[in-house]
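Trainee: Got a structure for you, query_38.csv, holding CSV, C-alpha atoms and all ligand atoms.
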chain,number,residue,atom,x,y,z
A,473,MET,CA,-12.5,4.6,-15.7
A,474,ASN,CA,-15.5,6.3,-14.0
A,475,CYS,CA,-15.2,7.0,-10.3
A,476,PHE,CA,-17.8,5.7,-7.9
A,477,ASP,CA,-15.5,5.5,-4.9
A,478,CYS,CA,-17.5,7.7,-2.5
A,479,PRO,CA,-21.2,7.9,-1.7
A,480,LEU,CA,-21.7,10.7,-4.2
A,481,MET,CA,-21.0,8.1,-6.9
A,482,CYS,CA,-20.8,10.9,-9.5
A,483,GLY,CA,-19.1,8.7,-12.1
A,484,ALA,CA,-16.6,11.3,-13.2
A,485,ASP,CA,-14.1,10.0,-15.8
A,486,ARG,CA,-11.2,11.5,-13.9
A,487,GLU,CA,-8.5,9.7,-15.8
A,488,ASN,CA,-9.7,11.4,-19.0
A,489,GLY,CA,-9.8,14.8,-17.5
A,490,GLU,CA,-13.2,15.1,-15.9
A,491,THR,CA,-13.5,16.7,-12.4
A,492,GLY,CA,-15.5,14.8,-9.8
A,493,ALA,CA,-18.1,16.3,-7.5
A,494,CYS,CA,-15.3,16.2,-4.9
A,495,GLY,CA,-13.3,18.7,-6.9
A,496,VAL,CA,-10.6,16.2,-7.8
A,497,GLY,CA,-9.6,15.4,-11.4
A,498,ARG,CA,-7.0,13.2,-13.1
A,499,LEU,CA,-4.2,13.9,-10.6
A,500,SER,CA,-4.4,13.8,-6.9
A,501,CYS,CA,-2.9,16.8,-5.2
A,502,ALA,CA,-1.5,17.3,-1.7
A,503,ALA,CA,-1.6,20.8,-0.3
A,504,ARG,CA,0.8,20.1,2.6
A,505,ALA,CA,2.9,17.3,3.9
A,506,ALA,CA,4.6,17.8,7.3
A,507,ARG,CA,4.8,16.5,10.8
A,508,HIS,CA,1.6,17.5,12.6
A,509,TYR,CA,1.3,17.6,16.4
A,510,TYR,CA,-2.4,18.3,16.9
A,511,GLU,CA,-4.0,14.9,16.6
A,512,GLU,CA,-4.9,12.6,19.5
A,513,PRO,CA,-1.9,11.6,21.6
A,514,PRO,CA,-1.6,8.0,20.2
A,515,VAL,CA,-1.4,9.6,16.7
A,516,SER,CA,0.8,12.6,17.3
A,517,GLY,CA,2.9,11.1,20.0
A,518,THR,CA,6.1,13.1,20.7
A,519,ARG,CA,7.6,13.2,17.2
A,520,GLY,CA,4.4,14.1,15.3
A,521,SER,CA,2.2,12.5,12.8
A,522,GLY,CA,3.3,12.5,9.2
A,523,ALA,CA,0.3,14.3,7.8
A,524,ILE,CA,-0.4,14.5,4.1
A,525,PHE,CA,-3.3,17.0,3.4
A,526,PHE,CA,-5.0,16.1,0.2
A,527,THR,CA,-7.1,18.5,-1.8
A,528,GLY,CA,-10.8,18.1,-2.6
A,529,CYS,CA,-13.6,16.8,-0.4
A,530,ASN,CA,-16.9,14.9,-0.8
A,531,MET,CA,-18.7,17.0,1.8
A,532,ARG,CA,-19.5,20.6,2.0
A,533,CYS,CA,-19.4,21.5,5.7
A,534,VAL,CA,-20.3,25.2,6.2
A,535,PHE,CA,-17.8,25.4,9.1
A,536,CYS,CA,-14.9,23.8,7.2
A,537,GLN,CA,-11.6,25.0,8.7
A,538,ASN,CA,-9.6,23.9,5.6
A,539,LEU,CA,-11.7,25.5,2.9
A,540,ASP,CA,-8.7,26.6,0.9
A,541,ILE,CA,-7.6,22.9,0.7
A,542,SER,CA,-10.9,21.1,0.5
A,543,THR,CA,-12.1,23.3,-2.4
A,544,ALA,CA,-8.8,23.5,-4.2
A,545,GLY,CA,-9.0,22.8,-7.9
A,546,ALA,CA,-8.4,19.5,-9.6
A,547,GLU,CA,-4.9,19.9,-10.9
A,548,GLY,CA,-3.0,21.7,-8.2
A,549,GLU,CA,-4.3,25.2,-8.2
A,550,GLY,CA,-2.4,27.5,-5.9
A,551,GLU,CA,0.1,25.7,-3.7
A,552,ALA,CA,-1.2,22.2,-4.2
A,553,LYS,CA,1.2,19.7,-5.7
A,554,PRO,CA,0.0,17.1,-8.2
A,555,LEU,CA,1.2,13.6,-7.3
A,556,ASP,CA,1.6,10.2,-9.0
A,557,GLU,CA,2.0,7.1,-6.9
A,558,GLY,CA,5.8,7.3,-6.9
A,559,GLU,CA,5.8,10.8,-5.7
A,560,LEU,CA,3.3,10.0,-3.0
A,561,ALA,CA,5.4,7.0,-1.9
A,562,ASP,CA,8.5,9.3,-1.8
A,563,ILE,CA,6.7,11.8,0.5
A,564,MET,CA,5.7,8.9,2.8
A,565,LEU,CA,9.3,7.7,3.0
A,566,ARG,CA,10.5,11.3,3.7
A,567,LEU,CA,8.0,11.7,6.5
A,568,GLN,CA,9.3,8.5,8.0
A,569,GLU,CA,12.9,9.7,7.7
A,570,LEU,CA,11.9,12.8,9.6
A,571,GLY,CA,10.8,10.6,12.5
A,572,SER,CA,7.0,10.7,12.1
A,573,HIS,CA,5.1,8.1,14.1
A,574,ASN,CA,2.8,7.3,11.2
A,575,ILE,CA,1.6,8.4,7.8
A,576,ASN,CA,-1.6,10.4,8.3
A,577,LEU,CA,-3.7,10.6,5.1
A,578,VAL,CA,-6.0,13.6,5.7
A,579,THR,CA,-9.3,13.7,3.6
A,580,PRO,CA,-8.1,10.6,1.6
A,581,THR,CA,-11.5,9.5,0.2
A,582,PRO,CA,-11.2,10.9,-3.3
A,583,HIS,CA,-7.6,9.6,-3.5
A,584,VAL,CA,-8.1,5.9,-2.7
A,585,LYS,CA,-7.0,4.7,-6.1
A,586,LEU,CA,-3.7,6.5,-5.7
A,587,ILE,CA,-3.3,5.3,-2.1
A,588,GLU,CA,-3.9,1.7,-3.1
A,589,ARG,CA,-0.9,2.0,-5.4
A,590,ALA,CA,1.4,4.2,-3.4
A,591,VAL,CA,1.4,2.4,0.0
A,592,PRO,CA,2.6,-1.0,-1.4
A,593,LEU,CA,5.3,0.9,-3.3
A,594,ALA,CA,6.4,2.8,-0.2
A,595,ARG,CA,6.3,-0.5,1.8
A,596,ALA,CA,8.6,-2.1,-0.8
A,597,HIS,CA,11.1,0.7,-0.3
A,598,GLY,CA,11.1,0.4,3.5
A,599,LEU,CA,8.1,2.2,4.8
A,600,SER,CA,7.4,0.5,8.2
A,601,ILE,CA,5.3,3.0,10.2
A,602,PRO,CA,1.4,2.7,10.3
A,603,ILE,CA,-0.9,4.2,7.8
A,604,VAL,CA,-3.6,6.4,9.3
A,605,TYR,CA,-6.8,7.0,7.3
A,606,ASN,CA,-8.1,10.3,8.6
A,607,THR,CA,-11.6,10.7,7.1
A,608,ASN,CA,-14.9,12.6,7.4
A,609,GLY,CA,-16.6,9.2,7.6
A,610,TYR,CA,-18.7,9.8,4.4
A,611,GLU,CA,-17.4,6.6,2.8
A,612,ARG,CA,-18.7,3.6,0.8
A,613,VAL,CA,-18.1,0.2,2.4
A,614,GLU,CA,-17.2,-1.3,-1.0
A,615,THR,CA,-14.3,1.2,-1.3
A,616,LEU,CA,-13.1,0.7,2.2
A,617,LYS,CA,-12.9,-3.1,1.6
A,618,ARG,CA,-10.1,-2.3,-1.0
A,619,LEU,CA,-8.1,-0.8,1.8
A,620,GLU,CA,-8.0,-3.9,4.0
A,621,GLY,CA,-4.4,-4.7,4.8
A,622,ILE,CA,-3.3,-1.2,3.6
A,623,VAL,CA,-4.7,1.0,6.4
A,624,ASP,CA,-3.6,0.3,9.9
A,625,VAL,CA,-5.4,2.9,11.9
A,626,TYR,CA,-8.8,4.4,11.0
A,627,LEU,CA,-9.5,7.9,12.3
A,628,PRO,CA,-13.1,8.6,11.1
A,629,ASP,CA,-15.4,11.4,12.1
A,630,LEU,CA,-18.9,10.5,13.1
A,631,LYS,CA,-20.5,13.9,12.7
A,632,TYR,CA,-24.3,13.4,12.7
A,633,VAL,CA,-27.1,10.9,13.1
A,634,SER,CA,-29.8,13.2,12.0
A,635,GLY,CA,-30.3,13.7,8.3
A,636,ARG,CA,-31.7,17.2,8.9
A,637,LEU,CA,-28.5,18.4,10.6
A,638,ALA,CA,-26.3,16.7,8.1
A,639,LEU,CA,-28.0,18.4,5.3
A,640,ARG,CA,-28.1,21.8,6.9
A,641,TYR,CA,-24.4,21.8,8.0
A,642,SER,CA,-22.7,19.5,5.5
A,643,GLY,CA,-25.0,19.3,2.5
A,644,ARG,CA,-25.3,15.5,2.8
A,645,GLU,CA,-28.6,14.3,4.2
A,646,ASP,CA,-27.6,10.7,3.8
A,647,TYR,CA,-24.4,11.1,5.8
A,648,PHE,CA,-25.3,8.7,8.6
A,649,ASP,CA,-26.6,6.1,6.2
A,650,PHE,CA,-23.1,5.8,4.8
A,651,ALA,CA,-21.0,6.8,7.8
A,652,ALA,CA,-22.5,4.2,10.2
A,653,PRO,CA,-21.8,1.1,8.1
A,654,ALA,CA,-18.5,2.6,7.1
A,655,VAL,CA,-17.2,3.0,10.7
A,656,MET,CA,-18.5,-0.6,11.4
A,657,GLU,CA,-16.5,-1.8,8.4
A,658,MET,CA,-13.4,0.0,9.7
A,659,HIS,CA,-13.8,-1.7,13.1
A,660,ARG,CA,-14.2,-5.1,11.4
A,661,GLN,CA,-10.9,-4.6,9.5
A,662,VAL,CA,-8.7,-3.3,12.3
A,663,GLY,CA,-10.5,-3.8,15.6
A,664,GLY,CA,-10.0,-1.7,18.8
A,665,LEU,CA,-7.0,0.5,19.2
A,666,VAL,CA,-3.7,-1.2,19.9
A,667,THR,CA,-0.7,0.9,21.0
A,668,ASP,CA,3.0,0.2,21.5
A,669,GLU,CA,4.9,0.5,24.8
A,670,ASP,CA,5.0,4.3,24.3
A,671,GLY,CA,1.3,4.6,23.8
A,672,ILE,CA,1.6,5.2,20.0
A,673,ALA,CA,-1.2,3.8,17.8
A,674,MET,CA,-0.1,0.7,15.8
A,675,LYS,CA,-3.5,-0.5,14.7
A,676,GLY,CA,-7.2,0.0,15.3
A,677,LEU,CA,-10.0,2.6,15.4
A,678,ILE,CA,-10.5,6.0,17.0
A,679,ILE,CA,-13.9,7.6,16.4
A,680,ARG,CA,-14.0,11.4,16.4
A,681,HIS,CA,-16.9,13.6,17.0
A,682,LEU,CA,-16.9,17.4,17.0
A,683,VAL,CA,-19.5,18.9,19.4
A,684,LEU,CA,-21.3,21.8,17.8
A,685,PRO,CA,-23.0,24.8,19.4
A,686,CYS,CA,-26.7,24.1,20.1
A,687,ALA,CA,-26.3,20.5,19.1
A,688,VAL,CA,-25.4,18.6,22.2
A,689,ASP,CA,-28.5,16.4,21.7
A,690,GLU,CA,-27.0,15.4,18.4
A,691,THR,CA,-23.8,14.5,20.1
A,692,ARG,CA,-25.8,12.3,22.5
A,693,ARG,CA,-27.4,10.5,19.6
A,694,VAL,CA,-24.0,9.8,18.1
A,695,LEU,CA,-22.6,8.5,21.4
A,696,ASP,CA,-25.7,6.4,21.9
A,697,PHE,CA,-25.2,4.8,18.5
A,698,ILE,CA,-21.5,4.0,19.3
A,699,ARG,CA,-22.6,2.6,22.6
A,700,ASP,CA,-25.1,0.3,20.9
A,701,ASN,CA,-22.9,-0.9,18.1
A,702,PHE,CA,-19.3,-1.0,19.3
A,703,PRO,CA,-17.4,-2.3,22.3
A,704,ILE,CA,-17.5,-0.1,25.4
A,705,ASP,CA,-13.7,0.3,25.2
A,706,THR,CA,-13.8,1.8,21.8
A,707,PHE,CA,-11.6,4.9,21.7
A,708,ILE,CA,-13.6,8.1,21.2
A,709,SER,CA,-12.3,11.6,20.7
A,710,LEU,CA,-14.9,14.2,21.8
A,711,MET,CA,-13.7,17.4,20.3
A,712,SER,CA,-14.5,20.9,21.6
A,713,GLN,CA,-12.5,22.9,19.2
A,714,TYR,CA,-15.3,24.2,17.0
A,715,THR,CA,-14.3,27.6,15.7
A,716,PRO,CA,-16.7,29.8,13.7
A,717,ILE,CA,-15.5,31.2,10.4
A,718,PRO,CA,-16.3,34.8,9.4
A,719,GLY,CA,-19.9,35.3,8.3
A,720,MET,CA,-21.2,32.2,9.9
A,721,LYS,CA,-24.9,32.3,10.8
A,722,ARG,CA,-26.5,31.4,14.2
A,723,PRO,CA,-26.1,29.1,16.0
A,724,LEU,CA,-22.7,28.4,14.4
A,725,ASP,CA,-21.5,32.0,14.9
A,726,ARG,CA,-20.0,31.2,18.3
A,727,ARG,CA,-17.8,28.8,20.0
A,728,LEU,CA,-19.0,26.0,22.2
A,729,THR,CA,-19.8,26.9,25.8
A,730,ARG,CA,-18.3,25.1,28.7
A,731,ALA,CA,-21.8,23.9,29.8
A,732,GLU,CA,-22.4,22.4,26.3
A,733,TYR,CA,-19.1,20.5,26.3
A,734,ASP,CA,-19.6,19.3,29.9
A,735,ARG,CA,-23.0,17.9,29.0
A,736,ALA,CA,-21.5,16.0,26.1
A,737,VAL,CA,-18.7,14.6,28.2
A,738,ASP,CA,-21.1,13.8,31.0
A,739,HIS,CA,-23.2,11.7,28.6
A,740,ALA,CA,-20.2,9.8,27.3
A,741,ILE,CA,-19.1,9.0,30.9
A,742,ALA,CA,-22.6,8.0,31.9
A,743,LEU,CA,-22.8,5.6,28.9
A,744,GLY,CA,-19.7,3.9,30.4
A,745,PHE,CA,-17.1,4.5,27.7
A,746,THR,CA,-13.7,3.6,29.1
A,747,ASN,CA,-11.4,5.3,26.5
A,748,LEU,CA,-12.4,8.8,26.0
A,749,PHE,CA,-10.2,11.7,24.8
A,750,ILE,CA,-11.4,15.1,25.8
A,751,GLN,CA,-10.0,18.6,25.0
A,752,LYS,CA,-9.0,21.5,27.2
A,753,LEU,CA,-11.4,24.4,27.2
A,754,SER,CA,-10.3,27.7,28.6
A,755,SER,CA,-13.0,29.5,30.5
A,756,ALA,CA,-11.0,32.7,30.8
A,757,ASP,CA,-11.5,34.0,27.3
A,758,GLY,CA,-13.9,31.5,25.8
A,759,SER,CA,-11.2,30.2,23.6
A,760,PHE,CA,-10.3,26.6,23.0
A,761,THR,CA,-7.0,25.0,22.4
A,762,PRO,CA,-6.5,22.1,20.0
A,763,GLU,CA,-4.4,20.0,22.3
A,764,PHE,CA,-5.9,17.0,23.9
A,765,ASP,CA,-5.3,16.9,27.6
A,766,GLY,CA,-7.7,14.4,29.0
A,767,PHE,CA,-7.8,10.6,28.8
A,768,PHE,CA,-10.0,8.4,30.8
A,769,GLU,CA,-9.0,4.8,31.2
A,801,LIG,S1,-14.5,10.4,-5.0
A,801,LIG,FE1,-15.0,12.2,-6.2
A,801,LIG,S2,-15.0,11.5,-8.4
A,801,LIG,FE2,-15.2,9.7,-7.1
A,801,LIG,S3,-17.4,9.4,-6.8
A,801,LIG,FE3,-16.8,10.6,-5.1
A,801,LIG,S4,-17.1,12.7,-5.8
A,801,LIG,FE4,-17.1,11.4,-7.6
Starting from the coordinates I provided, produce the structure as structure tokens.

Mentor:
Amino acid sequence: MNCFDCPLMCGADRENGETGACGVGRLSCAARAARHYYEEPPVSGTRGSGAIFFTGCNMRCVFCQNLDISTAGAEGEGEAKPLDEGELADIMLRLQELGSHNINLVTPTPHVKLIERAVPLARAHGLSIPIVYNTNGYERVETLKRLEGIVDVYLPDLKYVSGRLALRYSGREDYFDFAAPAVMEMHRQVGGLVTDEDGIAMKGLIIRHLVLPCAVDETRRVLDFIRDNFPIDTFISLMSQYTPIPGMKRPLDRRLTRAEYDRAVDHAIALGFTNLFIQKLSSADGSFTPEFDGFFE
């Protein structure tokens, strides 16, 4: 069967050994499965999020922090482990046994067919924690519709509005054309974020946006779009953790400045958002920590 699951619609016959433009072939692979503590507080909680890091990606971000995972080969090169649905279901159940608050599917888009089969299997064997779909946002609505009732919490990026920046930094000029309706479809399926008595996400949407150096105006455009198209109490995670990788060209060869991040946060507050996660930013050495420490309500 040819794959048209993501906006690239490359049509690779992965079941018969072809490799898609995402780098994924017949078998899905996971590079890592473990409890993860560096997501937003409703996702990581106190016991961690049960993260499954899949290989492959349908974007080509020049600043990718997981390049070894996202560009890993089709059939488990290096440390990646090939998975069928039974093995993926077993990993989910094991992460639940370890106490994870949820199952966090990281870069899941090229693996939707496997996820569609694995989650019901895991549910039949006792999986009761929420499924989090942690995506770059470059999705087809048609594919997301197949996940209705399977995914509980959507955690999409909304990286760019401008096609020029999306092309320059992620190689996908049409990013917003797909990401905008995709995030709206996610909201249609699960609505606003609902948490339990301990503040742990049970269902709903958190939109993430990474503020980039020299691109605060782009952040403002993203926030304006959210303000115009989603409820004002939509949960937004405004991330400051951009870290340049070696050899990066200007302006991505440096971290975000405090002034840039403050401008982004000020705009979000001025727009009236009532649920906004912000990150700590150390002024002493210009470094950033991944923990989230701010939450306006
Ligand atoms: S998910 Fe991969 S194989 Fe499927 S259409 Fe996208 S790039 Fe092609």

Trainee: Can you pull out every residue within 9 Å of segment 600-609 of chain A, counting all atoms listed in the file, but drop anything in the same chain fewer than 5 positions away, and send it as a ChimeraX atom specification?

Mentor: /A:515,523,529-531,568,572-581,591,594-595,622-631,647-648,650-652,654-655,673-675

Trainee: Using all atoms listed in the file, what are the residues with an atom within 8 Å of ligand LIG 801 (chain A), set out as a VMD selection string?

Mentor: chain A and resid 474 to 486 491 to 497 529 to 530 581 to 583

Trainee: Figure out the distance between atom CA of Met473 of chain A and atom CA of Leu593 of chain A, please, to one decimal in Å.

Mentor: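 Those two atoms sit 22.0 Å apart.
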
Trainee: For a test of reading the model, state the distance in Å between atom CA of His597 of chain A and atom CA of Ala561 of chain A, rounded to one decimal.

Mentor: 8.6 Å

Trainee: Using only C-alpha atoms, which of the listed residues (A:Leu560, A:Ile678, A:Ala687, A:Ala503) sits closest to Leu637 of chain A?

Mentor: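 Counting only C-alpha atoms, the residue closest to Leu637 of chain A is A:Ala687.
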
Trainee: What is the atom CA of Glu588 of chain A to atom CA of Glu614 of chain A distance in Å?

Mentor: 13.8 Å

Trainee: Would you list the contacts of Ala590 of chain A as a PyMOL selection string, taking every protein, DNA or RNA residue within 9 Å and counting all atoms listed in the file, but skipping same-chain residues closer than 5 positions in sequence?

Mentor: chain A and resi 556-562+564+585+595

Trainee: What lies within 10 Å of Leu639 of chain A using all atoms listed in the file, ignoring chain neighbours under 6 positions off, as a PyMOL selection string?

Mentor: chain A and resi 532-533+632+645-647

Trainee: So which one's closest to Thr667 of chain A, A:Gly598, A:Gly489, A:Gly571, A:Pro514? Using only C-alpha atoms, please.

Mentor: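 Looking only at the distances to Thr667 of chain A, the closest residue turns out to be A:Pro514.
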
Trainee: Point out the residue among A:Met711, A:Ala502, A:Leu619, A:Met658 with the least atom-to-atom distance to Ile563 of chain A, counting all atoms listed in the file.

Mentor: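 Comparing A:Met711, A:Ala502, A:Leu619, A:Met658 against Ile563 of chain A, the winner is A:Ala502.
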
Trainee: Using all atoms listed in the file, find the one residue out of A:Arg519, A:Arg589, A:Lys617, A:Arg680 that sits nearest to Glu657 of chain A.

Mentor: A:Lys617
